[in-house]
Amino acid sequence: MLFQRIQRRPVFDRARILGSFIVTPLAETLFIGLFTVEGVGKVKRGLIDPLSGKDVGGLIFYDLRPTHPLSDLRGRLVIDWGPGFRSWVQRAQRKNKVVLELRRNATEPPFPGFVGFRKKLSELASVPVSWRTALSSVSGVYLLVCPESGKQYVGSAYGMGGFWGRWEKYVASGHGGNRRMRDIPPADYQVTILEVASSSADANAIIELEGRWKRKLMSREFGLNANQILLRCRKGEGRGTRPC
């Protein structure tokens, strides 16, 4: 996981093996595996932290490799992280953890549905695999909302990867290539789905849906969408492209 490898301080320098956990959508502390620390270097300039949305070039970059021991407990072992929840890096020999549950099978919370889906960009890393599969299989119109200003950005997802493929670009860059979002400080945008397109809808049809939602929400006048939209297809590709 990229976010785990990027650090501001040498927090893993005295460690050989890391036990990694994530917080699930149900607020559980779930074991996802052991990783060996193989080396340490520096982050290349231009790399965007998937959590902060900021350029983290020059920070510490750990070479972490998944290892086999305890692999049968991945997605099954739930622990009580304890009162030190703000200390996300802890020493195993000093902090014994209470096992709350050992599941027979790795289970995931049920998918809330496309219209019911609501996450922040920083939370996408912990979204269950089955949810990612569902979000990768459909296209349509989504909404990003800045938690600080409340400004909205309406966007469309089509082609390979569906909604999930499009949102990965925001996690990687912080702005997804959108002009107005590039000009403001990075934010942990809330992500929701406004409309799922028909499986028969092509790129231009989905872009038209996007324009309809922009007019409804007035996101060009008061939000983060640019004021103009152009529909055109690249020759031979049949895909719509337009300013943001």
# chains A, B, ... in the order shown; residues from 1 in each chain; ligands from 1
$ closest_atom_pairs --of "stretch 84-175 of chain A" --to "stretch 25-41 of chain A" --cutoff "10 Å" --atoms "only C-alpha atoms" --output "CSV"
residue,atom,partner,partner_atom,distance
A:Leu100,CA,A:Thr29,CA,9.5
A:Glu101,CA,A:Leu30,CA,9.6
A:Glu108,CA,A:Pro25,CA,9.2
A:Pro109,CA,A:Pro25,CA,7.5
A:Lys119,CA,A:Pro25,CA,9.4
A:Glu123,CA,A:Pro25,CA,8.7
A:Ser126,CA,A:Pro25,CA,7.6
A:Val127,CA,A:Pro25,CA,7.3
A:Pro128,CA,A:Pro25,CA,8.5
$ select_by_dssp --residues "stretch 82-130 of chain A" --states "strand (DSSP E or B)" --output "ChimeraX atom specification"
/A:98-102,118-120
$ write_last_selection --atoms "C-alpha atoms" --output "PDB file, in the first residue's frame"
ATOM      1  CA  VAL A  98      -6.747  -8.024  22.493  1.00  0.00           C
ATOM      2  CA  VAL A  99      -8.181 -10.272  19.790  1.00  0.00           C
ATOM      3  CA  LEU A 100     -11.859  -9.393  19.395  1.00  0.00           C
ATOM      4  CA  GLU A 101     -12.743 -11.811  16.639  1.00  0.00           C
ATOM      5  CA  LEU A 102     -11.259 -14.520  14.453  1.00  0.00           C
ATOM      6  CA  ARG A 118     -20.287   7.899   0.108  1.00  0.00           C
ATOM      7  CA  LYS A 119     -16.592   8.070   0.993  1.00  0.00           C
ATOM      8  CA  LYS A 120     -13.764  10.538   1.272  1.00  0.00           C
TER       9      LYS A 120
END
$ atom_distance --atom1 "atom CA of A:Val78" --atom2 "atom CA of A:Gln90"
16.5 Å
$ residues_around --residues "A:Tyr189" --least-positions-apart "4" --cutoff "6 Å" --atoms "only C-alpha atoms" --output "ChimeraX atom specification"
/A:120-121,144-146
$ write_last_selection --atoms "C-alpha atoms" --output "PDB file, in the first residue's frame"
ATOM      1  CA  LYS A 120     -13.764  10.538   1.272  1.00  0.00           C
ATOM      2  CA  LEU A 121     -10.830  10.180  -1.116  1.00  0.00           C
ATOM      3  CA  LEU A 144     -16.967  15.606  -5.413  1.00  0.00           C
ATOM      4  CA  VAL A 145     -17.581  18.004  -2.532  1.00  0.00           C
ATOM      5  CA  CYS A 146     -14.827  19.986  -0.815  1.00  0.00           C
TER       6      CYS A 146
END
$ residues_around --residues "stretch 54-66 of chain A" --least-positions-apart "6" --cutoff "10 Å" --atoms "only C-alpha atoms" --output "JSON, numbers by chain"
{"A": [1, 2, 3, 4, 5, 6, 7, 8, 9, 10, 11, 12, 13, 16, 17, 18, 19, 20, 32, 33, 34, 35, 36, 37, 38, 39, 40, 41, 42, 43, 44, 45, 46, 47, 48, 172, 173, 174, 185, 186, 187]}
$ atom_distance --atom1 "atom CA of A:Ile184" --atom2 "atom CA of A:Ser149"
10.8 Å
$ closest_residue --among "A:His68, A:Asp202, A:Lys97, A:Ile193" --to "A:Gly82" --atoms "only C-alpha atoms"
A:Lys97
